[in-house]
$ cat coords-v3.cif   # mmCIF, C-alpha atoms
data_start
loop_
_atom_site.label_atom_id
_atom_site.label_comp_id
_atom_site.auth_asym_id
_atom_site.auth_seq_id
_atom_site.Cartn_x
_atom_site.Cartn_y
_atom_site.Cartn_z
CA MET U 799 86.86 71.77 92.95
CA ILE U 800 87.93 71.72 96.61
CA SER U 801 91.37 73.21 97.18
CA PHE U 802 94.16 71.29 98.87
CA SER U 803 94.13 73.83 101.70
CA SER U 804 90.49 73.10 102.51
CA TRP U 805 90.84 69.36 101.99
CA SER U 806 93.75 69.45 104.46
CA VAL U 807 91.23 70.28 107.18
CA LEU U 808 89.62 66.87 106.65
CA THR U 809 93.05 65.21 106.82
CA VAL U 810 93.76 66.98 110.10
CA ASP U 811 90.39 65.95 111.53
CA PHE U 812 91.16 62.36 110.55
CA LEU U 813 94.53 62.44 112.32
CA ILE U 814 93.01 63.96 115.46
CA VAL U 815 90.24 61.34 115.64
CA LEU U 816 92.68 58.51 114.90
CA HIS U 817 95.18 59.51 117.58
CA LEU U 818 92.45 60.00 120.16
CA SER U 819 91.27 56.43 119.59
CA LEU U 820 94.80 55.00 119.70
CA ALA U 821 96.20 57.04 122.59
CA GLY U 822 93.34 56.09 124.89
CA VAL U 823 94.34 52.44 124.69
CA MET U 824 98.03 53.31 124.80
CA LEU U 825 97.68 55.25 128.06
CA SER U 826 95.77 52.43 129.72
CA ALA U 827 98.37 49.88 128.59
CA LEU U 828 101.28 52.01 129.82
CA LEU U 829 99.69 52.61 133.21
CA HIS U 830 99.09 48.88 133.55
CA LEU U 831 102.66 47.98 132.58
CA VAL U 832 104.20 50.38 135.13
CA GLY U 833 101.72 49.37 137.83
CA ALA U 834 100.29 52.86 138.38
CA LYS U 835 97.66 52.64 141.10
CA TRP U 836 95.58 55.44 139.59
CA ARG U 837 95.04 53.40 136.43
CA PHE U 838 91.89 51.95 137.99
CA ASP U 839 90.39 55.44 138.16
CA ILE U 840 91.03 56.32 134.54
CA ARG U 841 91.36 53.22 132.37
CA ALA U 842 87.64 52.70 131.63
CA ILE U 843 87.28 56.28 130.39
CA SER U 844 90.60 56.09 128.54
CA VAL U 845 89.84 52.99 126.47
CA SER U 846 86.37 54.35 125.68
CA PHE U 847 88.07 56.62 123.14
CA PHE U 848 88.79 53.53 121.06
CA SER U 849 85.13 53.66 120.00
CA LEU U 850 86.25 56.45 117.63
CA TYR U 851 88.36 53.99 115.64
CA PRO U 852 85.59 53.06 113.12
CA LEU U 853 85.03 56.78 112.45
CA ALA U 854 88.76 57.16 111.77
CA PHE U 855 88.57 54.23 109.34
CA VAL U 856 85.69 55.83 107.43
CA LEU U 857 87.67 59.08 107.19
CA LEU U 858 90.67 57.11 105.94
CA LEU U 859 88.59 55.60 103.13
CA ILE U 860 87.32 59.06 102.15
CA LEU U 861 90.88 60.44 102.06
CA LEU U 862 92.11 57.49 100.01
CA TYR U 863 89.20 57.86 97.59
CA GLY U 864 90.13 61.52 97.13
CA GLY U 865 93.75 60.48 96.57
CA LYS U 866 94.85 63.37 94.36
CA LEU U 867 93.42 65.88 96.84
CA THR U 868 94.94 64.17 99.88
CA PHE U 869 98.35 63.53 98.28
CA PRO U 870 99.30 66.29 95.82
CA TRP U 871 102.22 64.23 94.51
CA VAL U 872 99.85 61.81 92.73
CA GLY U 873 100.35 62.19 88.96
CA VAL U 874 102.57 65.27 89.33
CA TYR U 875 106.11 64.06 90.01
CA ASN U 876 107.83 61.98 87.32
CA LYS U 877 110.11 59.99 89.59
CA LEU U 878 108.84 59.10 93.04
CA PRO U 879 110.26 56.94 95.81
CA THR U 880 108.57 53.52 96.01
CA TRP U 881 106.94 54.61 99.26
CA ASN U 882 104.99 57.29 97.33
CA ASN U 883 102.69 54.95 95.47
CA LEU U 884 98.95 55.40 96.03
CA PRO U 885 97.90 51.71 95.69
CA PHE U 886 100.77 50.65 97.98
CA LEU U 887 99.88 53.42 100.43
CA ALA U 888 96.20 52.44 100.51
CA THR U 889 97.07 48.77 100.98
CA ARG U 890 99.45 49.30 103.89
CA GLU U 891 97.16 51.80 105.61
CA ILE U 892 94.09 49.54 105.41
CA LEU U 893 96.06 46.45 106.51
CA GLY U 894 97.61 48.45 109.34
CA PHE U 895 94.17 49.62 110.43
CA ILE U 896 92.87 46.06 110.52
CA ILE U 897 95.83 44.64 112.46
CA VAL U 898 95.89 47.48 114.99
CA GLY U 899 92.10 47.33 115.33
CA VAL U 900 92.23 43.62 116.21
CA LEU U 901 95.07 44.10 118.71
CA TYR U 902 93.65 47.18 120.42
CA GLY U 903 90.16 45.71 120.42
CA SER U 904 91.52 42.59 122.14
CA PHE U 905 93.11 44.79 124.79
CA VAL U 906 89.83 46.59 125.46
CA ARG U 907 87.93 43.29 125.80
CA LEU U 908 90.60 41.74 128.03
CA GLN U 909 90.64 44.82 130.24
CA ALA U 910 86.89 44.48 130.75
CA LYS U 911 87.38 40.82 131.72
CA ALA U 912 90.23 41.72 134.07
CA GLU U 913 88.01 44.26 135.82
CA ALA U 914 85.36 41.60 136.36
CA ASN U 915 87.89 38.92 137.38
CA PRO U 916 91.42 40.17 138.29
CA ASP U 917 92.72 36.60 138.44
CA ALA U 918 92.05 36.16 134.71
CA SER U 919 94.48 38.89 133.61
CA HIS U 920 97.41 36.85 132.29
CA ASN U 921 96.64 37.43 128.59
CA TYR U 922 95.79 41.04 129.40
CA ARG U 923 99.37 41.70 130.51
CA TRP U 924 100.81 40.13 127.36
CA VAL U 925 98.60 42.15 125.05
CA ALA U 926 99.39 45.31 127.05
CA ALA U 927 103.09 44.67 126.41
CA LEU U 928 102.46 44.56 122.65
CA ILE U 929 100.54 47.83 122.52
CA PRO U 930 103.55 50.23 122.70
CA PHE U 931 105.33 48.42 119.85
CA ALA U 932 102.22 48.43 117.66
CA HIS U 933 101.56 52.08 118.53
CA VAL U 934 105.04 53.25 117.51
CA LEU U 935 105.09 51.26 114.26
CA PHE U 936 101.60 52.20 113.13
CA CYS U 937 101.88 55.87 114.10
CA THR U 938 105.21 56.04 112.28
CA MET U 939 103.55 54.82 109.09
CA VAL U 940 100.70 57.31 109.51
CA ALA U 941 103.11 60.19 110.15
CA TRP U 942 105.13 59.34 107.04
CA ASP U 943 102.14 58.81 104.76
CA PHE U 944 100.01 61.80 105.72
CA GLU U 945 102.64 64.39 106.58
CA MET U 946 106.32 63.67 106.00
CA THR U 947 106.15 62.39 102.42
CA LEU U 948 103.61 64.95 101.21
CA LEU U 949 106.73 66.50 99.70
CA PRO U 950 108.19 63.34 98.12
CA ASN U 951 111.91 64.10 98.47
CA TRP U 952 111.68 65.62 101.96
CA GLU U 953 112.52 63.41 104.92
CA SER U 954 113.37 63.61 108.59
CA SER U 955 114.73 60.84 110.79
CA MET U 956 112.88 62.32 113.78
CA TYR U 957 109.53 63.08 112.19
CA SER U 958 107.64 60.02 113.38
CA ILE U 959 108.50 60.46 117.07
CA TYR U 960 107.84 64.20 116.78
CA HIS U 961 104.42 63.37 115.32
CA PHE U 962 103.14 60.85 117.85
CA VAL U 963 104.62 62.59 120.89
CA SER U 964 102.64 65.66 119.82
CA ALA U 965 99.49 63.56 119.32
CA PHE U 966 99.80 61.84 122.70
CA GLY U 967 100.22 65.18 124.44
CA MET U 968 97.04 66.33 122.70
CA TYR U 969 95.20 63.22 123.94
CA LEU U 970 96.15 64.02 127.53
CA GLY U 971 94.60 67.45 127.02
CA VAL U 972 91.38 65.96 125.62
CA LEU U 973 91.25 63.43 128.47
CA VAL U 974 91.54 66.04 131.20
CA LEU U 975 88.98 68.26 129.44
CA THR U 976 86.60 65.30 129.24
CA LEU U 977 86.97 64.67 132.97
CA TYR U 978 86.65 68.34 133.75
CA PHE U 979 83.43 69.01 131.82
CA LEU U 980 81.75 65.75 132.79
CA ASP U 981 82.62 66.47 136.41
CA LYS U 982 81.31 70.04 136.17
CA ALA U 983 78.09 68.75 134.58
CA GLY U 984 77.66 66.28 137.43
CA VAL U 985 76.98 63.35 135.11
CA LEU U 986 79.87 61.10 136.13
CA ILE U 987 78.71 58.04 138.04
CA LYS U 988 82.03 57.91 139.88
CA LYS U 989 83.42 61.34 140.69
CA PRO U 990 87.15 61.56 139.84
CA GLY U 991 89.60 62.19 142.66
CA SER U 992 91.22 65.61 142.61
CA TYR U 993 94.61 63.92 142.38
CA LEU U 994 93.78 62.78 138.82
CA TYR U 995 94.03 66.34 137.54
CA ASN U 996 97.45 66.68 139.13
CA TYR U 997 98.71 63.39 137.69
CA ILE U 998 97.51 64.17 134.18
CA ALA U 999 98.86 67.73 134.45
CA GLN U 1000 102.29 66.33 135.32
CA MET U 1001 102.13 64.12 132.23
CA MET U 1002 101.06 67.10 130.13
CA LEU U 1003 104.08 69.03 131.38
CA GLY U 1004 106.36 66.08 130.61
CA PHE U 1005 105.00 65.65 127.10
CA SER U 1006 105.19 69.38 126.38
CA ILE U 1007 108.90 69.26 127.25
CA LEU U 1008 109.38 66.05 125.25
CA TRP U 1009 107.54 67.60 122.30
CA VAL U 1010 109.76 70.70 122.24
CA TYR U 1011 112.81 68.42 122.51
CA THR U 1012 111.77 66.50 119.38
CA PHE U 1013 110.73 69.76 117.69
CA PHE U 1014 114.11 71.38 118.31
CA GLY U 1015 116.05 68.13 117.68
CA GLN U 1016 114.49 67.83 114.22
CA TYR U 1017 114.92 71.55 113.52
CA LEU U 1018 118.59 71.50 114.61
CA ILE U 1019 119.47 68.55 112.36
CA ILE U 1020 117.84 70.19 109.33
CA TRP U 1021 119.31 73.63 110.08
CA TYR U 1022 122.83 72.28 110.71
CA ALA U 1023 122.95 70.19 107.52
CA ASN U 1024 121.51 73.14 105.55
CA PHE U 1025 120.39 71.05 102.59
CA GLY U 1026 118.01 73.01 100.41
CA GLU U 1027 115.58 70.10 99.94
CA GLU U 1028 115.20 69.89 103.74
CA THR U 1029 115.37 73.52 104.86
CA ASP U 1030 113.02 74.90 102.19
CA ARG U 1031 109.94 73.21 103.66
CA ILE U 1032 110.70 74.41 107.19
CA PHE U 1033 111.55 77.97 106.19
CA LEU U 1034 108.45 78.14 103.97
CA MET U 1035 106.21 77.25 106.91
CA GLN U 1036 108.15 79.48 109.29
CA ASN U 1037 108.35 82.57 107.09
CA GLY U 1038 105.68 82.01 104.43
CA PRO U 1039 101.90 82.54 104.42
CA TYR U 1040 101.49 80.18 107.39
CA GLY U 1041 104.22 81.81 109.46
CA ASP U 1042 101.72 83.13 112.01
CA LEU U 1043 100.24 79.63 112.45
CA PHE U 1044 103.75 78.16 112.85
CA TRP U 1045 104.64 80.41 115.79
CA THR U 1046 101.12 80.19 117.22
CA PHE U 1047 101.22 76.42 117.68
CA PHE U 1048 104.71 76.67 119.20
CA VAL U 1049 103.44 79.08 121.84
CA MET U 1050 100.23 77.13 122.47
CA LYS U 1051 101.92 73.74 122.75
CA PHE U 1052 105.04 74.65 124.71
CA VAL U 1053 105.54 78.24 125.88
CA PHE U 1054 102.15 78.71 127.58
CA PRO U 1055 101.83 75.14 129.01
CA PHE U 1056 105.39 75.18 130.35
CA ILE U 1057 105.08 78.60 131.98
CA MET U 1058 101.84 77.52 133.64
CA LEU U 1059 102.50 73.89 134.55
CA VAL U 1060 105.99 74.41 135.92
CA PHE U 1061 104.35 75.91 139.02
CA PRO U 1062 102.86 73.24 141.33
CA PHE U 1063 99.82 75.30 142.34
CA ASN U 1064 98.58 75.31 138.72
CA ARG U 1065 98.90 71.53 138.56
CA HIS U 1066 96.42 71.30 141.45
CA ASN U 1067 93.93 73.74 139.95
CA PRO U 1068 91.40 72.01 137.63
CA ASN U 1069 90.31 75.33 136.10
CA ALA U 1070 93.89 76.26 135.17
CA ILE U 1071 94.57 72.74 133.89
CA ALA U 1072 91.49 72.91 131.64
CA ILE U 1073 92.69 76.20 130.10
CA ILE U 1074 96.17 74.77 129.52
CA ALA U 1075 94.71 71.58 128.03
CA SER U 1076 92.57 73.64 125.64
CA SER U 1077 95.70 75.46 124.47
CA ILE U 1078 97.51 72.18 123.80
CA VAL U 1079 94.57 70.63 121.93
CA LEU U 1080 93.95 73.66 119.71
CA GLY U 1081 97.69 74.11 119.21
CA THR U 1082 98.00 70.52 118.01
CA TRP U 1083 95.22 71.00 115.46
CA ILE U 1084 96.98 74.12 114.14
CA GLU U 1085 100.30 72.25 114.11
CA ARG U 1086 98.93 69.40 112.02
CA TYR U 1087 97.28 71.83 109.60
CA THR U 1088 100.48 73.87 109.25
CA TRP U 1089 102.55 70.79 108.43
CA ILE U 1090 100.04 69.45 105.91
CA SER U 1091 98.63 72.51 104.17
CA GLY U 1092 101.86 74.47 104.64
CA THR U 1093 103.68 71.96 102.44
CA TYR U 1094 101.94 73.62 99.46
CA PRO U 1095 101.05 76.97 101.06
CA THR U 1096 98.41 79.42 99.90
CA GLN U 1097 96.86 82.45 101.54
CA HIS U 1098 93.93 80.29 102.74
CA MET U 1099 93.55 80.17 106.51
CA PRO U 1100 91.75 77.22 108.13
CA MET U 1101 88.05 77.47 109.04
CA THR U 1102 87.46 80.29 106.55
CA GLY U 1103 85.53 78.19 104.02
CA LEU U 1104 82.25 76.28 104.06
CA PHE U 1105 84.00 72.94 103.50
CA ASP U 1106 86.43 73.57 106.38
CA ILE U 1107 83.68 74.44 108.84
CA GLY U 1108 81.09 71.95 107.60
CA SER U 1109 83.37 68.92 107.49
CA SER U 1110 84.77 69.63 110.96
CA ILE U 1111 81.31 70.10 112.46
CA ILE U 1112 80.18 66.78 110.97
CA VAL U 1113 83.31 64.86 112.03
CA PHE U 1114 83.47 66.12 115.60
CA GLY U 1115 79.68 66.10 115.97
CA ILE U 1116 79.67 62.39 115.12
CA ALA U 1117 82.67 61.86 117.44
CA TYR U 1118 80.78 63.55 120.28
CA LEU U 1119 77.72 61.34 119.77
CA ILE U 1120 79.89 58.20 119.65
CA MET U 1121 81.70 59.10 122.86
CA ARG U 1122 78.47 60.01 124.66
CA ARG U 1123 76.92 56.69 123.68
CA THR U 1124 80.06 54.77 124.70
CA PHE U 1125 80.27 56.46 128.11
CA LYS U 1126 76.63 55.58 128.77
CA ARG U 1127 77.06 52.00 127.57
CA ASN U 1128 80.09 51.58 129.82
CA HIS U 1129 78.14 53.03 132.78
CA LEU U 1130 80.52 55.95 133.16
CA ILE U 1131 77.90 58.71 132.95
CA ARG U 1132 74.24 58.98 133.84
#
$ encode --input "coords-v3.cif" --output "structure tokens"
Amino acid sequence: MISFSSWSVLTVDFLIVLHLSLAGVMLSALLHLVGAKWRFDIRAISVSFFSLYPLAFVLLLILLYGGKLTFPWVGVYNKLPTWNNLPFLATREILGFIIVGVLYGSFVRLQAKAEANPDASHNYRWVAALIPFAHVLFCTMVAWDFEMTLLPNWESSMYSIYHFVSAFGMYLGVLVLTLYFLDKAGVLIKKPGSYLYNYIAQMMLGFSILWVYTFFGQYLIIWYANFGEETDRIFLMQNGPYGDLFWTFFVMKFVFPFIMLVFPFNRHNPNAIAIIASSIVLGTWIERYTWISGTYPTQHMPMTGLFDIGSSIIVFGIAYLIMRRTFKRNHLIR
């Protein structure tokens, strides 16, 4: 029998893949809505991450099929809130996936048409305006289902924004790493301007600050109220078996990026930006694992079992092949 700690690795991998696919479209939509001129340099690569969406859907089905492993509250608690109902959860997640898939897919297709014919971009603007609303609502549901309500009676009014701000910051790190390594390999058909690294680095700095704001805002509310059903989960992660992971992701997602990115010369150095981005991406994975597995903590550390390593290699190996094929199909790499 696979333990919850090991199975949590698959849940984390699912969330990472899902948010990469969603955030790519979200960034392109936001840049279009604000009229950023550099959107033309990045939007084709950004929306290419949406090709990971079917992989995220397959992972969702696997997690729902293994319901008792994914959601430890199934069949354990006598009285559960209506939200904690596995058939209801599966229904809303699958319906949400379908609706978001249709909307985001429409955006990707309309963007391709707008690139071919800028005059035919009226519907593109309307769909772009819908993307932020859909993103917030869907990511809120995902954050509640797969993290917040893992402990049925625990809740936080700030958890959803804390969750997807963290995930979007991670996406910016993955995006800049993608540009960096493809550029270093010399396979990009259109070489990115050096200013792109600076622009993305500025956004990474902004989202690191926004993330620590939501992190501390949530922590302050729970600490000030001092209700046992709220503080126990936080203190268990902070001081329990996963205490080292808790402080590690805090350093990797805020302390190190802030100290580095606050200086302008680092925001113009692609090598430094790549190191900072790697810290944010790895820190986000550890953060997600700490919140999920740390809800029911054991002494198990991630990537110390065959299931942990094997499932992650398979998931991210498939993700790599999908992205490579998509970049080639979209004539972004040779």
$ resolve_selection --input "coords-v3.cif" --expression "the PyMOL selection byres ((chain U and resi 843-847) around 6)" --output "list in words"
Ser819, Gly822, Val823, Ile840, Arg841, Ala842, Phe848, Ser849 and Leu850 of chain U
$ closest_residue --input "coords-v3.cif" --among "U:Val974, U:Val810, U:Leu948, U:Ala1023" --to "U:Pro879" --atoms "all atoms listed in the file"
U:Leu948
$ resolve_selection --input "coords-v3.cif" --expression "the PyMOL selection byres ((chain U and resi 855) around 12)" --output "VMD selection string"
chain U and resid 812 to 813 815 to 817 819 848 to 854 856 to 862 888 891 to 896 898 to 899
$ residues_around --input "coords-v3.cif" --residues "stretch 1007-1018 of chain U" --least-positions-apart "5" --cutoff "6 Å" --atoms "all atoms listed in the file" --output "PyMOL selection string"
chain U and resi 956+960+963-964
$ write_last_selection --input "coords-v3.cif" --atoms "C-alpha atoms" --output "PDB file, in the frame of the given file"
ATOM      1  CA  MET U 956     112.880  62.320 113.780  1.00  0.00           C
ATOM      2  CA  TYR U 960     107.840  64.200 116.780  1.00  0.00           C
ATOM      3  CA  VAL U 963     104.620  62.590 120.890  1.00  0.00           C
ATOM      4  CA  SER U 964     102.640  65.660 119.820  1.00  0.00           C
TER       5      SER U 964
END
$ closest_residue --input "coords-v3.cif" --among "U:Tyr1022, U:Phe966, U:Trp881, U:Tyr1040" --to "U:His1098" --atoms "only C-alpha atoms"
U:Tyr1040
$ residues_near_point --input "coords-v3.cif" --point "(106.7, 74.3, 130.5)" --cutoff "12 Å" --atoms "all atoms listed in the file" --output "ChimeraX atom specification"
/U:999-1011,1048-1062,1064-1065,1074,1078
$ residues_around --input "coords-v3.cif" --residues "U:His830" --least-positions-apart "3" --cutoff "12 Å" --atoms "only C-alpha atoms" --output "list of chain:residue names"
U:Val823, U:Met824, U:Leu825, U:Ser826, U:Ala827, U:Gly833, U:Ala834, U:Lys835, U:Trp836, U:Arg837, U:Phe838, U:Asp839, U:Ile840, U:Arg841, U:Phe905, U:Gln909, U:Ala912, U:Ser919, U:Tyr922, U:Arg923, U:Trp924, U:Val925, U:Ala926, U:Ala927, U:Ile929, U:Pro930
$ write_last_selection --input "coords-v3.cif" --atoms "C-alpha atoms" --output "compact mmCIF listing (two decimals), in the frame of the given file"
# COMPACT_ATOMS: atom_id res chain seq x y z
CA VAL U 823 94.34 52.44 124.69
CA MET U 824 98.03 53.31 124.80
CA LEU U 825 97.68 55.25 128.06
CA SER U 826 95.77 52.43 129.72
CA ALA U 827 98.37 49.88 128.59
CA GLY U 833 101.72 49.37 137.83
CA ALA U 834 100.29 52.86 138.38
CA LYS U 835 97.66 52.64 141.10
CA TRP U 836 95.58 55.44 139.59
CA ARG U 837 95.04 53.40 136.43
CA PHE U 838 91.89 51.95 137.99
CA ASP U 839 90.39 55.44 138.16
CA ILE U 840 91.03 56.32 134.54
CA ARG U 841 91.36 53.22 132.37
CA PHE U 905 93.11 44.79 124.79
CA GLN U 909 90.64 44.82 130.24
CA ALA U 912 90.23 41.72 134.07
CA SER U 919 94.48 38.89 133.61
CA TYR U 922 95.79 41.04 129.40
CA ARG U 923 99.37 41.70 130.51
CA TRP U 924 100.81 40.13 127.36
CA VAL U 925 98.60 42.15 125.05
CA ALA U 926 99.39 45.31 127.05
CA ALA U 927 103.09 44.67 126.41
CA ILE U 929 100.54 47.83 122.52
CA PRO U 930 103.55 50.23 122.70
$ atom_distance --input "coords-v3.cif" --atom1 "atom CA of U:Leu977" --atom2 "atom CA of U:Ile1111"
22.0 Å
$ closest_residue --input "coords-v3.cif" --among "U:Thr976, U:Ser954, U:Ser804, U:Thr938" --to "U:Ser1076" --atoms "all atoms listed in the file"
U:Thr976
$ resolve_selection --input "coords-v3.cif" --expression "the PyMOL selection byres ((chain U and resi 971) around 7)" --output "PyMOL selection string"
chain U and resi 967-970+972-975+1075-1076+1078-1079
$ write_last_selection --input "coords-v3.cif" --atoms "C-alpha atoms" --output "PDB file, in the frame of the given file"
ATOM      1  CA  GLY U 967     100.220  65.180 124.440  1.00  0.00           C
ATOM      2  CA  MET U 968      97.040  66.330 122.700  1.00  0.00           C
ATOM      3  CA  TYR U 969      95.200  63.220 123.940  1.00  0.00           C
ATOM      4  CA  LEU U 970      96.150  64.020 127.530  1.00  0.00           C
ATOM      5  CA  VAL U 972      91.380  65.960 125.620  1.00  0.00           C
ATOM      6  CA  LEU U 973      91.250  63.430 128.470  1.00  0.00           C
ATOM      7  CA  VAL U 974      91.540  66.040 131.200  1.00  0.00           C
ATOM      8  CA  LEU U 975      88.980  68.260 129.440  1.00  0.00           C
ATOM      9  CA  ALA U1075      94.710  71.580 128.030  1.00  0.00           C
ATOM     10  CA  SER U1076      92.570  73.640 125.640  1.00  0.00           C
ATOM     11  CA  ILE U1078      97.510  72.180 123.800  1.00  0.00           C
ATOM     12  CA  VAL U1079      94.570  70.630 121.930  1.00  0.00           C
TER      13      VAL U1079
END
$ closest_residue --input "coords-v3.cif" --among "U:Leu1130, U:Leu1034, U:Ala1117, U:Leu901" --to "U:Lys989" --atoms "only C-alpha atoms"
U:Leu1130
$ atom_distance --input "coords-v3.cif" --atom1 "atom CA of U:Asp1106" --atom2 "atom CA of U:Ile814"
14.8 Å
$ atom_distance --input "coords-v3.cif" --atom1 "atom CA of U:Arg907" --atom2 "atom CA of U:Pro990"
23.1 Å
$ residues_around --input "coords-v3.cif" --residues "U:Thr1093" --least-positions-apart "2" --cutoff "8 Å" --atoms "only C-alpha atoms" --output "PyMOL selection string"
chain U and resi 948-949+1031+1034-1035+1088-1091+1095
$ closest_residue --input "coords-v3.cif" --among "U:Ser955, U:Phe962, U:His920, U:Phe936" --to "U:Thr1082" --atoms "all atoms listed in the file"
U:Phe962
$ axis_aligned_box --input "coords-v3.cif" --around "stretch 1070-1085 of chain U" --padding-each-side "4 Å" --output "AutoDock Vina command-line options"
--center_x 95.9 --center_y 73.4 --center_z 124.6 --size_x 16.8 --size_y 13.7 --size_z 29.1
$ closest_residue --input "coords-v3.cif" --among "U:His961, U:Lys982, U:Arg1132, U:Arg890" --to "U:Ala1072" --atoms "all atoms listed in the file"
U:Lys982
$ residues_around --input "coords-v3.cif" --residues "U:Gly873" --least-positions-apart "5" --cutoff "12 Å" --atoms "all atoms listed in the file" --output "ChimeraX atom specification"
/U:865-867,878,882-884
$ residues_around --input "coords-v3.cif" --residues "U:Ile1084" --least-positions-apart "6" --cutoff "9 Å" --atoms "all atoms listed in the file" --output "ChimeraX atom specification"
/U:810,1043-1044,1046-1047,1100
$ write_last_selection --input "coords-v3.cif" --atoms "C-alpha atoms" --output "PDB file, in the frame of the given file"
ATOM      1  CA  VAL U 810      93.760  66.980 110.100  1.00  0.00           C
ATOM      2  CA  LEU U1043     100.240  79.630 112.450  1.00  0.00           C
ATOM      3  CA  PHE U1044     103.750  78.160 112.850  1.00  0.00           C
ATOM      4  CA  THR U1046     101.120  80.190 117.220  1.00  0.00           C
ATOM      5  CA  PHE U1047     101.220  76.420 117.680  1.00  0.00           C
ATOM      6  CA  PRO U1100      91.750  77.220 108.130  1.00  0.00           C
TER       7      PRO U1100
END
